[in-house]
Amino acid sequence: MADNEIQDLREALDVSPDNGPLRRRLARVLLTHSRWSDAETELRTLLRRSPADAALNLDLARAFEAQGKHAEASALLEVRSESGAASPPELVLLARVLLVLGDRDRAVSVYGRALAADPAVVDEELAAKLGAIRVAESAPSDAKDADDAVDVERPTITFQDVGGMAEVKEEIRIKIVHPLVHAELYRSYGKTVGGGVLMYGPPGCGKTYLARATAGEVRAAFVAIGVSDVLDMWHGESERKLHEVFERARRNRPCVLFFDEVDALGASRSEMRSGGGRQLVNQFLEEMDGVRTSNDGVLILAATNAPWHVDSAFRRPGRFDRVLFVAPPDAAARADILRAQLNGKPQHDIDFAGVAARLKEFSGADLKGVVDRAVEDKLRDAIRTGIPAPIVTADLVRAASKAAPSTREWFGTARNYALHANQAGIYDDVLRYLKLS
């Protein structure tokens, strides 16, 4: 029956090849019957005429996914996402594809944006795999209280434990550290102890570690918040959880309250199609402003890999009025990171500076990957020969030759925003890093 319908549609298109609705019907039938490759061909033809059609883009991405073409699906959906045109179902599919490609953090962020835009697109199977967005199976009254779910830490690391980032650390000192250490001086000028800093940059460059070191620098409590600590499928629960998070920080002041992947919680309201996401953003802004309860002594840090998706209202004075670019580590910092990663491991006479010079644009996470690969190679040799040998410079160089910096893809996207959507000068640091200004 399906073959007959497909044949009839093809014959009709031979007579009327420019009939869009007819070709769309054929594509749908092919998708329904898992004829993925044929559907891909028809969808590509349709998209050449209507490249912005959300339904066609989603169908083509589904055809890619079904054929195992995850890189193609990701490329298609990322373009839609970065332009703000992606629908919530497209974002859910993008999250699934990113998870398959191994980018779990980005998958969590994208899935969070999808739920913020439209809670109805919840995907329980995906949420379970991500382990990040709780899909409630009971009524909201049974939900775990945020005060029990969020840990309060007392970090012992300080800025001395953070390699490089001199300019970023100095900005954080001015905005967060000095107001707390010299509170009376600041109050004499009418400045309260509080405020926010938004850090952005490629993933794996130490934004979370720096936030934790900030708390250690001022001996403050540290509360780290992820997407799963706030987002909830039940109406009003996300806002309640967010309020409880701020209340917990206020009860433990001085406290550094850190939001990771903040673009999932504070996404641009212009991109949202449901009121639920807008209400969460409004609640976030209200909590930051301390409308009902003072935030004096609550120091707010946030990190994002996609600052272009954060609602512009967060950058107003009194909120995230410091927006800091966290670049990949420089040569000296790369050497320090390699040294730290190899600490306690058998090694001999390693030229850390020489290896670091070969790893330009590598993030801290990338450098850890190089060390892990070198260690695995030595273990493989030791198992084969029965003789454990120390890691030497050549081992790191060999491991580095098999790796590429993960930051390049991020800079490809960031470059477009820095060049074409930088009216307020937010991304000037990116332009300087890329030597475009």
# chains A, B, ... in the order shown; residues from 1 in each chain; ligands from 1
>>> select_by_dssp(residues="stretch 107-303 of chain A", states="strand (DSSP E or B)", output="list in words")
Glu153, Gly194, Gly195, Gly196, Val197, Leu198, Met199, Tyr200, Ala221, Phe222, Val223, Ala224, Ile225, Cys255, Val256, Leu257, Phe258, Phe259, Ala267, Val298, Leu299, Ile300, Leu301, Ala302 and Ala303 of chain A
>>> select_by_dssp(residues="stretch 256-323 of chain A", states="alpha helix (DSSP H)", output="ChimeraX atom specification")
/A:275-289
>>> closest_residue(among="A:Ala128, A:Val281, A:Val177, A:Ala249", to="A:Ser228", atoms="only C-alpha atoms")
A:Ala128
>>> atom_distance(atom1="atom CA of A:Ala221", atom2="atom CA of A:Arg154")
5.2 Å
>>> atom_distance(atom1="atom CA of A:Ile426", atom2="atom CA of A:Arg269")
19.0 Å
>>> residues_around(residues="stretch 337-352 of chain A", least_positions_apart="3", cutoff="7 Å", atoms="only C-alpha atoms", output="list of chain:residue names")
A:Ala333, A:Arg334, A:Val355, A:Ala356, A:Gly364, A:Leu367, A:Lys368, A:Val371, A:Pro390, A:Ile391, A:Val392, A:Thr393
>>> closest_residue(among="A:Glu376, A:Glu40, A:Glu90, A:Glu184", to="A:Ala117", atoms="only C-alpha atoms")
A:Glu90
>>> closest_residue(among="A:Arg96, A:Asp103, A:Thr214, A:Glu170", to="A:Asp123", atoms="only C-alpha atoms")
A:Arg96
>>> atom_distance(atom1="atom CA of A:Leu76", atom2="atom CA of A:Ala61")
6.9 Å
>>> residues_around(residues="A:Gly290", least_positions_apart="5", cutoff="10 Å", atoms="only C-alpha atoms", output="PyMOL selection string")
chain A and resi 246+285+295-296+318
>>> residues_around(residues="A:Pro202", least_positions_apart="3", cutoff="10 Å", atoms="only C-alpha atoms", output="count of residues only")
18
>>> residues_around(residues="A:Tyr209", least_positions_apart="2", cutoff="12 Å", atoms="only C-alpha atoms", output="tab-separated table (two decimals) with N, CA and C atoms, in the first residue's frame")
chain	number	residue	atom	x	y	z
A	155	PRO	N	34.79	26.10	49.90
A	155	PRO	CA	36.00	25.80	49.12
A	155	PRO	C	37.27	26.27	49.82
A	156	THR	N	38.33	25.50	49.64
A	156	THR	CA	39.63	25.87	50.21
A	156	THR	C	40.58	26.41	49.15
A	157	ILE	N	40.25	26.23	47.86
A	157	ILE	CA	41.12	26.76	46.80
A	157	ILE	C	40.93	28.26	46.69
A	158	THR	N	41.95	28.96	46.23
A	158	THR	CA	41.89	30.41	46.03
A	158	THR	C	42.43	30.75	44.64
A	159	PHE	N	42.56	32.05	44.37
A	159	PHE	CA	43.06	32.47	43.06
A	159	PHE	C	44.48	31.97	42.80
A	160	GLN	N	45.23	31.68	43.87
A	160	GLN	CA	46.59	31.17	43.68
A	160	GLN	C	46.59	29.80	43.01
A	161	ASP	N	45.48	29.09	43.15
A	161	ASP	CA	45.37	27.76	42.56
A	161	ASP	C	44.87	27.79	41.12
A	162	VAL	N	44.57	28.98	40.62
A	162	VAL	CA	44.06	29.15	39.26
A	162	VAL	C	45.17	29.69	38.38
A	163	GLY	N	45.58	28.92	37.41
A	163	GLY	CA	46.66	29.36	36.51
A	163	GLY	C	46.17	30.39	35.51
A	165	MET	N	44.63	33.73	33.72
A	165	MET	CA	43.40	34.50	33.92
A	165	MET	C	43.61	35.77	34.76
A	169	LYS	N	40.60	37.58	36.90
A	169	LYS	CA	40.67	37.56	38.36
A	169	LYS	C	40.64	38.98	38.92
A	199	MET	N	30.50	35.14	33.29
A	199	MET	CA	31.69	34.68	32.57
A	199	MET	C	31.24	33.88	31.35
A	204	GLY	N	35.23	24.14	28.99
A	204	GLY	CA	36.45	23.49	29.46
A	204	GLY	C	37.59	24.42	29.79
A	205	CYS	N	37.31	25.73	29.94
A	205	CYS	CA	38.39	26.70	30.19
A	205	CYS	C	38.45	27.18	31.63
A	206	GLY	N	37.73	26.53	32.54
A	206	GLY	CA	37.92	26.81	33.96
A	206	GLY	C	36.96	27.79	34.59
A	207	LYS	N	35.82	28.04	33.99
A	207	LYS	CA	34.89	29.01	34.57
A	207	LYS	C	34.35	28.54	35.92
A	211	ALA	N	35.01	30.16	39.69
A	211	ALA	CA	33.93	30.55	40.59
A	211	ALA	C	34.15	29.97	41.98
A	212	ARG	N	34.54	28.69	42.02
A	212	ARG	CA	34.79	28.05	43.32
A	212	ARG	C	35.98	28.72	44.02
A	213	ALA	N	37.01	29.10	43.26
A	213	ALA	CA	38.17	29.77	43.85
A	213	ALA	C	37.81	31.15	44.38
A	214	THR	N	36.82	31.81	43.75
A	214	THR	CA	36.36	33.11	44.23
A	214	THR	C	35.79	32.98	45.64
A	215	ALA	N	35.00	31.94	45.86
A	215	ALA	CA	34.44	31.72	47.20
A	215	ALA	C	35.56	31.45	48.20
A	216	GLY	N	36.55	30.65	47.79
A	216	GLY	CA	37.67	30.39	48.68
A	216	GLY	C	38.48	31.64	48.97
A	222	PHE	N	29.70	28.54	49.21
A	222	PHE	CA	29.60	28.41	47.76
A	222	PHE	C	28.44	27.49	47.43
A	224	ALA	N	26.56	25.96	44.12
A	224	ALA	CA	26.62	25.78	42.67
A	224	ALA	C	25.28	25.25	42.18
A	258	PHE	N	26.60	30.44	42.36
A	258	PHE	CA	27.12	30.23	41.01
A	258	PHE	C	26.11	29.47	40.15
A	260	ASP	N	25.68	27.63	36.63
A	260	ASP	CA	26.36	27.09	35.45
A	260	ASP	C	25.34	26.96	34.32
A	301	LEU	N	27.77	34.73	40.60
A	301	LEU	CA	28.59	34.43	39.43
A	301	LEU	C	27.80	33.49	38.53
A	302	ALA	N	27.99	33.64	37.24
A	302	ALA	CA	27.32	32.75	36.30
A	302	ALA	C	28.27	32.47	35.14
A	303	ALA	N	28.08	31.32	34.50
A	303	ALA	CA	28.91	30.94	33.36
A	303	ALA	C	28.02	30.46	32.23
A	326	VAL	N	36.37	34.47	29.30
A	326	VAL	CA	37.36	33.52	29.83
A	326	VAL	C	37.94	32.76	28.64
A	364	GLY	N	41.53	23.79	29.14
A	364	GLY	CA	41.99	22.98	30.26
A	364	GLY	C	41.51	21.54	30.14
A	365	ALA	N	40.26	21.37	29.70
A	365	ALA	CA	39.72	20.02	29.51
A	365	ALA	C	40.46	19.29	28.39
>>> residues_around(residues="stretch 66-73 of chain A", least_positions_apart="5", cutoff="9 Å", atoms="only C-alpha atoms", output="PyMOL selection string")
chain A and resi 34+36-37+60-61+78+93-94+97-98+100-101
